[in-house]
Amino acid sequence: QCLTLPCNPIAFDMWRDVNGPAETLGAFDVVHASAFPYAFPIACAWRLARRRGIPFFITPFLHLGDPDAPHDPTRRAYTSEPLRWLLRQADAVFVQTPSERDLAVSLGLPPDRVILQGLGVDPDECTGGDRAAARARWRLAPDAVVVGHLANQSWEKGTNDLLAALETLWRDGRGIEVLLAGPRMPNFDAFWERFRRRCPSASETRVRQLGPLTHGEKRDFFAAIDLFALPSRSDSFGLVILEAWANGVPSVAYRAGGIADVIQHGRDGLLVRCGDIEHLAAAIAQLADDQPARLSLGTHGRERVLADFRWPDKIDLVRRHILSLVAG
């Protein structure tokens, strides 16, 4: 079943190679695989590790979905029986948040095999943009409140809900503008066509679609915005929130997935109930109207990045666990 899940990237040569002659398998000390729900390459990694008799690690990036929905489809997809089986084969599983750790343990993994890792950022890679130049290039008013959204534009990542929330604020006369960055997914394209017919003026004057960003454009993106919105249903962590924080920008997000563990509500961002468009609009309006609050939340976010989300610390944690198991 791991080799035939519908979402799999199928690589027959990979499966052939890991089942080939022992002398062709390579002198590895450990095999590490990622990420769910792509079981085919992970099953190949498991096969390689077992044939070599070496430790096997998984970083699954389990998506928890909406915690208030007992049958959330995202969570069900990421905890299907073939994927649970792969987790049970691992000698250690790296997870990103306490909620992901709790989910892994609830699936039957021994707690001592579940390692809380978390992610990090290098602030130098995502800060230092030119706010004035970016706003001029993307035709944003210098004094406008700008909401940023960087993700695969889709229902799952909350792009549709974000525009629906902003639509209610525009009807109230608020001049908020929005930057959408990232590739467009088919379900967003369908939504966008309906949105353009419903809000022709706003779609032309208040929404900027930037597409995928270069490294330099990402710096300018975060420099140009005043708050970041990620009402996602499908993030295991939300790395872009750390990038926003590194720029002193607070976030508004759904209380769903790993993001619910990352943002400290009222301290470095605001969390709203998953799918609640009215509450999402109110949270955006609250920060749009309160510059001191935005600065306070963004400052606390930057402090957390420097204290809790440094890549060297995360890499050292992974290295120590790998060396421990290899030595054992």
# chains A, B, ... in the order shown; residues from 1 in each chain; ligands from 1
$ closest_atom_pairs --of "segment 19-66 of chain A" --to "segment 253-276 of chain A" --cutoff "8 Å" --atoms "only C-alpha atoms" --output "Markdown table"
| residue | atom | partner | partner_atom | distance |
| --- | --- | --- | --- | --- |
| A:His63 | CA | A:Gly257 | CA | 5.8 |
| A:Leu64 | CA | A:Gly257 | CA | 4.5 |
| A:Gly65 | CA | A:Gly257 | CA | 4.8 |
| A:Asp66 | CA | A:Ala256 | CA | 4.8 |
$ select_by_dssp --residues "segment 79-251 of chain A" --states "strand (DSSP E)" --output "list in words"
Ala92, Val93, Phe94, Val95, Val114, Ile115, Leu116, Val146, Val147, Gly148, His149, Leu150, Glu177, Val178, Leu179, Leu180, Ala181, Val207, Arg208, Gln209, Leu210, Gly211, Leu227, Phe228, Ala229, Leu230 and Ser251 of chain A
$ write_last_selection --atoms "N, CA, C and O atoms" --output "CSV table (one decimal), in the first residue's frame"
chain,number,residue,atom,x,y,z
A,92,ALA,N,13.6,6.4,14.9
A,92,ALA,CA,13.3,7.6,15.6
A,92,ALA,C,12.5,8.5,14.6
A,92,ALA,O,12.7,8.4,13.3
A,93,VAL,N,11.6,9.3,15.1
A,93,VAL,CA,10.8,10.2,14.3
A,93,VAL,C,11.0,11.6,14.8
A,93,VAL,O,10.8,11.9,16.0
A,94,PHE,N,11.4,12.5,13.9
A,94,PHE,CA,11.5,13.9,14.2
A,94,PHE,C,10.2,14.6,14.0
A,94,PHE,O,9.7,14.6,12.8
A,95,VAL,N,9.7,15.3,15.0
A,95,VAL,CA,8.5,16.1,14.8
A,95,VAL,C,8.8,17.6,15.1
A,95,VAL,O,9.8,17.9,15.7
A,114,VAL,N,10.1,9.5,19.7
A,114,VAL,CA,9.6,10.7,19.0
A,114,VAL,C,10.4,11.9,19.5
A,114,VAL,O,10.3,12.2,20.7
A,115,ILE,N,11.1,12.6,18.7
A,115,ILE,CA,12.0,13.6,19.0
A,115,ILE,C,11.4,15.0,18.6
A,115,ILE,O,11.2,15.2,17.4
A,116,LEU,N,11.2,15.9,19.5
A,116,LEU,CA,10.7,17.2,19.2
A,116,LEU,C,11.9,18.1,18.7
A,116,LEU,O,12.8,18.4,19.5
A,146,VAL,N,-0.8,46.9,4.6
A,146,VAL,CA,-0.6,45.9,3.6
A,146,VAL,C,-0.5,44.5,4.3
A,146,VAL,O,0.3,44.3,5.2
A,147,VAL,N,-1.4,43.6,3.9
A,147,VAL,CA,-1.4,42.2,4.4
A,147,VAL,C,-0.6,41.3,3.5
A,147,VAL,O,-0.8,41.4,2.2
A,148,GLY,N,0.3,40.5,4.0
A,148,GLY,CA,1.1,39.6,3.1
A,148,GLY,C,0.6,38.2,3.3
A,148,GLY,O,0.2,37.8,4.4
A,149,HIS,N,0.7,37.4,2.3
A,149,HIS,CA,0.3,36.0,2.3
A,149,HIS,C,1.3,35.3,1.4
A,149,HIS,O,1.3,35.5,0.2
A,150,LEU,N,2.2,34.4,1.9
A,150,LEU,CA,3.2,33.7,1.1
A,150,LEU,C,2.9,32.2,1.3
A,150,LEU,O,3.2,31.6,2.4
A,177,GLU,N,-4.6,46.7,1.6
A,177,GLU,CA,-4.2,46.0,0.4
A,177,GLU,C,-3.5,44.7,0.8
A,177,GLU,O,-3.1,44.5,1.9
A,178,VAL,N,-3.3,43.8,-0.2
A,178,VAL,CA,-2.8,42.5,0.0
A,178,VAL,C,-1.8,42.1,-1.0
A,178,VAL,O,-2.0,42.3,-2.2
A,179,LEU,N,-0.7,41.5,-0.6
A,179,LEU,CA,0.2,40.9,-1.5
A,179,LEU,C,0.1,39.3,-1.4
A,179,LEU,O,0.3,38.8,-0.3
A,180,LEU,N,-0.2,38.7,-2.5
A,180,LEU,CA,-0.3,37.2,-2.6
A,180,LEU,C,1.0,36.7,-3.3
A,180,LEU,O,1.2,37.1,-4.4
A,181,ALA,N,1.8,35.9,-2.6
A,181,ALA,CA,3.0,35.4,-3.2
A,181,ALA,C,3.0,33.9,-3.1
A,181,ALA,O,2.5,33.3,-2.2
A,207,VAL,N,-5.4,43.9,-4.7
A,207,VAL,CA,-4.8,42.6,-4.7
A,207,VAL,C,-3.6,42.5,-5.7
A,207,VAL,O,-3.8,42.8,-6.9
A,208,ARG,N,-2.4,42.2,-5.2
A,208,ARG,CA,-1.2,42.1,-6.0
A,208,ARG,C,-0.8,40.6,-6.0
A,208,ARG,O,-0.5,40.1,-4.9
A,209,GLN,N,-0.8,40.0,-7.1
A,209,GLN,CA,-0.4,38.6,-7.2
A,209,GLN,C,1.0,38.5,-7.8
A,209,GLN,O,1.3,38.9,-8.9
A,210,LEU,N,2.0,38.1,-6.9
A,210,LEU,CA,3.4,38.2,-7.2
A,210,LEU,C,4.0,36.9,-7.8
A,210,LEU,O,5.0,36.9,-8.4
A,211,GLY,N,3.3,35.7,-7.6
A,211,GLY,CA,3.8,34.5,-8.0
A,211,GLY,C,5.0,34.0,-7.1
A,211,GLY,O,5.2,34.6,-6.1
A,227,LEU,N,1.4,43.2,8.2
A,227,LEU,CA,1.1,42.0,9.0
A,227,LEU,C,1.0,40.8,8.0
A,227,LEU,O,0.8,41.0,6.8
A,228,PHE,N,1.2,39.7,8.5
A,228,PHE,CA,1.2,38.4,7.7
A,228,PHE,C,0.0,37.6,8.0
A,228,PHE,O,-0.3,37.4,9.2
A,229,ALA,N,-0.6,37.0,7.0
A,229,ALA,CA,-1.8,36.2,7.3
A,229,ALA,C,-1.6,34.8,6.7
A,229,ALA,O,-1.2,34.7,5.5
A,230,LEU,N,-1.8,33.8,7.5
A,230,LEU,CA,-1.7,32.4,7.0
A,230,LEU,C,-2.8,31.6,7.6
A,230,LEU,O,-2.6,30.8,8.5
A,251,SER,N,1.7,37.9,12.9
A,251,SER,CA,0.9,37.0,12.0
A,251,SER,C,-0.5,36.9,12.5
A,251,SER,O,-0.7,36.9,13.8
$ closest_residue --among "A:Pro110, A:Pro37, A:Gly182, A:Gly118" --to "Val318 of chain A" --atoms "only C-alpha atoms"
A:Gly118
$ residues_around --residues "segment 23-36 of chain A" --least-positions-apart "3" --cutoff "8 Å" --atoms "only C-alpha atoms" --output "PDB file with N, CA, C and O atoms, in the first residue's frame"
ATOM      1  N   ASP A  17      16.734  -0.035  -7.303  1.00  0.00           N
ATOM      2  CA  ASP A  17      18.096   0.145  -6.796  1.00  0.00           C
ATOM      3  C   ASP A  17      18.234  -0.326  -5.353  1.00  0.00           C
ATOM      4  O   ASP A  17      19.248  -0.939  -4.990  1.00  0.00           O
ATOM      5  N   VAL A  18      17.225  -0.035  -4.499  1.00  0.00           N
ATOM      6  CA  VAL A  18      17.366  -0.426  -3.095  1.00  0.00           C
ATOM      7  C   VAL A  18      17.179  -1.932  -2.917  1.00  0.00           C
ATOM      8  O   VAL A  18      17.498  -2.468  -1.854  1.00  0.00           O
ATOM      9  N   GLY A  20      18.653  -3.965  -5.185  1.00  0.00           N
ATOM     10  CA  GLY A  20      19.705  -4.513  -6.014  1.00  0.00           C
ATOM     11  C   GLY A  20      20.761  -5.254  -5.206  1.00  0.00           C
ATOM     12  O   GLY A  20      20.614  -5.466  -3.991  1.00  0.00           O
ATOM     13  N   ALA A  39       4.634   8.277   0.369  1.00  0.00           N
ATOM     14  CA  ALA A  39       5.114   7.043   0.993  1.00  0.00           C
ATOM     15  C   ALA A  39       6.100   6.278   0.127  1.00  0.00           C
ATOM     16  O   ALA A  39       6.928   5.529   0.662  1.00  0.00           O
ATOM     17  N   PRO A  41       8.899   7.044  -1.794  1.00  0.00           N
ATOM     18  CA  PRO A  41      10.331   7.210  -1.502  1.00  0.00           C
ATOM     19  C   PRO A  41      10.678   6.856  -0.059  1.00  0.00           C
ATOM     20  O   PRO A  41      11.802   6.419   0.211  1.00  0.00           O
ATOM     21  N   ILE A  42       9.734   7.056   0.877  1.00  0.00           N
ATOM     22  CA  ILE A  42      10.016   6.697   2.267  1.00  0.00           C
ATOM     23  C   ILE A  42      10.108   5.187   2.416  1.00  0.00           C
ATOM     24  O   ILE A  42      10.967   4.670   3.146  1.00  0.00           O
ATOM     25  N   ALA A  45      13.435   4.208   1.286  1.00  0.00           N
ATOM     26  CA  ALA A  45      14.433   4.494   2.312  1.00  0.00           C
ATOM     27  C   ALA A  45      14.413   3.434   3.401  1.00  0.00           C
ATOM     28  O   ALA A  45      15.472   2.986   3.867  1.00  0.00           O
ATOM     29  N   TRP A  46      13.215   3.021   3.827  1.00  0.00           N
ATOM     30  CA  TRP A  46      13.096   1.953   4.833  1.00  0.00           C
ATOM     31  C   TRP A  46      13.746   0.676   4.324  1.00  0.00           C
ATOM     32  O   TRP A  46      14.493   0.004   5.047  1.00  0.00           O
ATOM     33  N   LEU A  48      16.100   0.309   2.100  1.00  0.00           N
ATOM     34  CA  LEU A  48      17.560   0.485   2.061  1.00  0.00           C
ATOM     35  C   LEU A  48      18.150   0.324   3.461  1.00  0.00           C
ATOM     36  O   LEU A  48      19.159  -0.370   3.650  1.00  0.00           O
ATOM     37  N   ALA A  49      17.529   0.976   4.453  1.00  0.00           N
ATOM     38  CA  ALA A  49      18.056   0.903   5.820  1.00  0.00           C
ATOM     39  C   ALA A  49      18.029  -0.530   6.341  1.00  0.00           C
ATOM     40  O   ALA A  49      18.994  -0.987   6.975  1.00  0.00           O
ATOM     41  N   ARG A  52      20.716  -2.678   4.748  1.00  0.00           N
ATOM     42  CA  ARG A  52      22.044  -2.336   5.232  1.00  0.00           C
ATOM     43  C   ARG A  52      22.192  -2.595   6.725  1.00  0.00           C
ATOM     44  O   ARG A  52      23.300  -2.573   7.239  1.00  0.00           O
ATOM     45  N   ILE A  54      21.037  -0.604   9.225  1.00  0.00           N
ATOM     46  CA  ILE A  54      21.413   0.667   9.837  1.00  0.00           C
ATOM     47  C   ILE A  54      20.151   1.411  10.286  1.00  0.00           C
ATOM     48  O   ILE A  54      19.045   1.090   9.851  1.00  0.00           O
ATOM     49  N   PRO A  55      20.297   2.418  11.165  1.00  0.00           N
ATOM     50  CA  PRO A  55      19.118   3.138  11.668  1.00  0.00           C
ATOM     51  C   PRO A  55      18.348   3.845  10.559  1.00  0.00           C
ATOM     52  O   PRO A  55      18.923   4.324   9.575  1.00  0.00           O
ATOM     53  N   PHE A  56      17.041   3.941  10.787  1.00  0.00           N
ATOM     54  CA  PHE A  56      16.116   4.555   9.833  1.00  0.00           C
ATOM     55  C   PHE A  56      15.326   5.651  10.542  1.00  0.00           C
ATOM     56  O   PHE A  56      14.678   5.401  11.563  1.00  0.00           O
ATOM     57  N   PHE A  57      15.425   6.890  10.035  1.00  0.00           N
ATOM     58  CA  PHE A  57      14.744   8.039  10.619  1.00  0.00           C
ATOM     59  C   PHE A  57      13.684   8.564   9.653  1.00  0.00           C
ATOM     60  O   PHE A  57      13.864   8.495   8.432  1.00  0.00           O
ATOM     61  N   ILE A  58      12.610   9.108  10.216  1.00  0.00           N
ATOM     62  CA  ILE A  58      11.596   9.784   9.408  1.00  0.00           C
ATOM     63  C   ILE A  58      11.323  11.163  10.010  1.00  0.00           C
ATOM     64  O   ILE A  58      11.182  11.301  11.227  1.00  0.00           O
ATOM     65  N   THR A  59      11.251  12.165   9.144  1.00  0.00           N
ATOM     66  CA  THR A  59      10.652  13.456   9.499  1.00  0.00           C
ATOM     67  C   THR A  59       9.359  13.537   8.700  1.00  0.00           C
ATOM     68  O   THR A  59       9.376  13.877   7.519  1.00  0.00           O
ATOM     69  N   PRO A  60       8.208  13.227   9.324  1.00  0.00           N
ATOM     70  CA  PRO A  60       6.981  13.085   8.540  1.00  0.00           C
ATOM     71  C   PRO A  60       6.272  14.387   8.217  1.00  0.00           C
ATOM     72  O   PRO A  60       5.518  14.455   7.254  1.00  0.00           O
ATOM     73  N   PHE A  61       6.459  15.432   9.034  1.00  0.00           N
ATOM     74  CA  PHE A  61       5.677  16.662   8.902  1.00  0.00           C
ATOM     75  C   PHE A  61       4.182  16.331   8.887  1.00  0.00           C
ATOM     76  O   PHE A  61       3.467  16.629   7.926  1.00  0.00           O
ATOM     77  N   LEU A  62       3.719  15.702   9.957  1.00  0.00           N
ATOM     78  CA  LEU A  62       2.311  15.338  10.064  1.00  0.00           C
ATOM     79  C   LEU A  62       1.439  16.593  10.088  1.00  0.00           C
ATOM     80  O   LEU A  62       1.688  17.515  10.864  1.00  0.00           O
ATOM     81  N   TYR A  78      -3.013  12.036   6.515  1.00  0.00           N
ATOM     82  CA  TYR A  78      -1.648  11.931   7.021  1.00  0.00           C
ATOM     83  C   TYR A  78      -1.491  10.843   8.080  1.00  0.00           C
ATOM     84  O   TYR A  78      -0.371  10.583   8.527  1.00  0.00           O
ATOM     85  N   LEU A  83       0.779   4.908   6.210  1.00  0.00           N
ATOM     86  CA  LEU A  83       1.714   5.883   6.772  1.00  0.00           C
ATOM     87  C   LEU A  83       2.000   5.583   8.243  1.00  0.00           C
ATOM     88  O   LEU A  83       3.131   5.761   8.713  1.00  0.00           O
ATOM     89  N   ILE A 322      21.221  11.428  15.782  1.00  0.00           N
ATOM     90  CA  ILE A 322      21.715  10.492  14.771  1.00  0.00           C
ATOM     91  C   ILE A 322      22.974   9.786  15.277  1.00  0.00           C
ATOM     92  O   ILE A 322      23.103   8.570  15.193  1.00  0.00           O
ATOM     93  N   VAL A 326      23.468   5.779  15.851  1.00  0.00           N
ATOM     94  CA  VAL A 326      24.489   5.081  15.081  1.00  0.00           C
ATOM     95  C   VAL A 326      25.483   4.395  16.011  1.00  0.00           C
ATOM     96  O   VAL A 326      25.874   3.243  15.802  1.00  0.00           O
TER      97      VAL A 326
END
$ residues_around --residues "Phe222 of chain A" --least-positions-apart "2" --cutoff "12 Å" --atoms "only C-alpha atoms" --output "number ranges by chain"
A: 123, 125-132, 134-135, 146-150, 179-181, 213, 215-220, 224-229, 240-251, 298
$ closest_residue --among "A:Ala90, A:Phe221, A:Trp192, A:Pro9" --to "Ala136 of chain A" --atoms "only C-alpha atoms"
A:Phe221
$ closest_residue --among "A:Pro231, A:Pro111, A:Pro82, A:Pro183" --to "Ala281 of chain A" --atoms "only C-alpha atoms"
A:Pro231
$ select_by_dssp --residues "segment 68-239 of chain A" --states "helix (DSSP H, G or I)" --output "NGL selection string"
:A and (73-78 or 81-89 or 98-106 or 111-113 or 123-126 or 131-137 or 159-171 or 186-198 or 200-205 or 215-224 or 239)
$ closest_residue --among "A:Thr299, A:Thr205, A:Asn8, A:Gln291" --to "Ala141 of chain A" --atoms "only C-alpha atoms"
A:Thr205
$ atom_distance --atom1 "atom CA of Gly120 of chain A" --atom2 "atom CA of Leu297 of chain A"
18.8 Å
$ residues_around --residues "Phe191 of chain A" --least-positions-apart "2" --cutoff "10 Å" --atoms "only C-alpha atoms" --output "JSON, numbers by chain"
{"A": [154, 155, 159, 160, 163, 186, 187, 188, 189, 193, 194, 195, 196]}
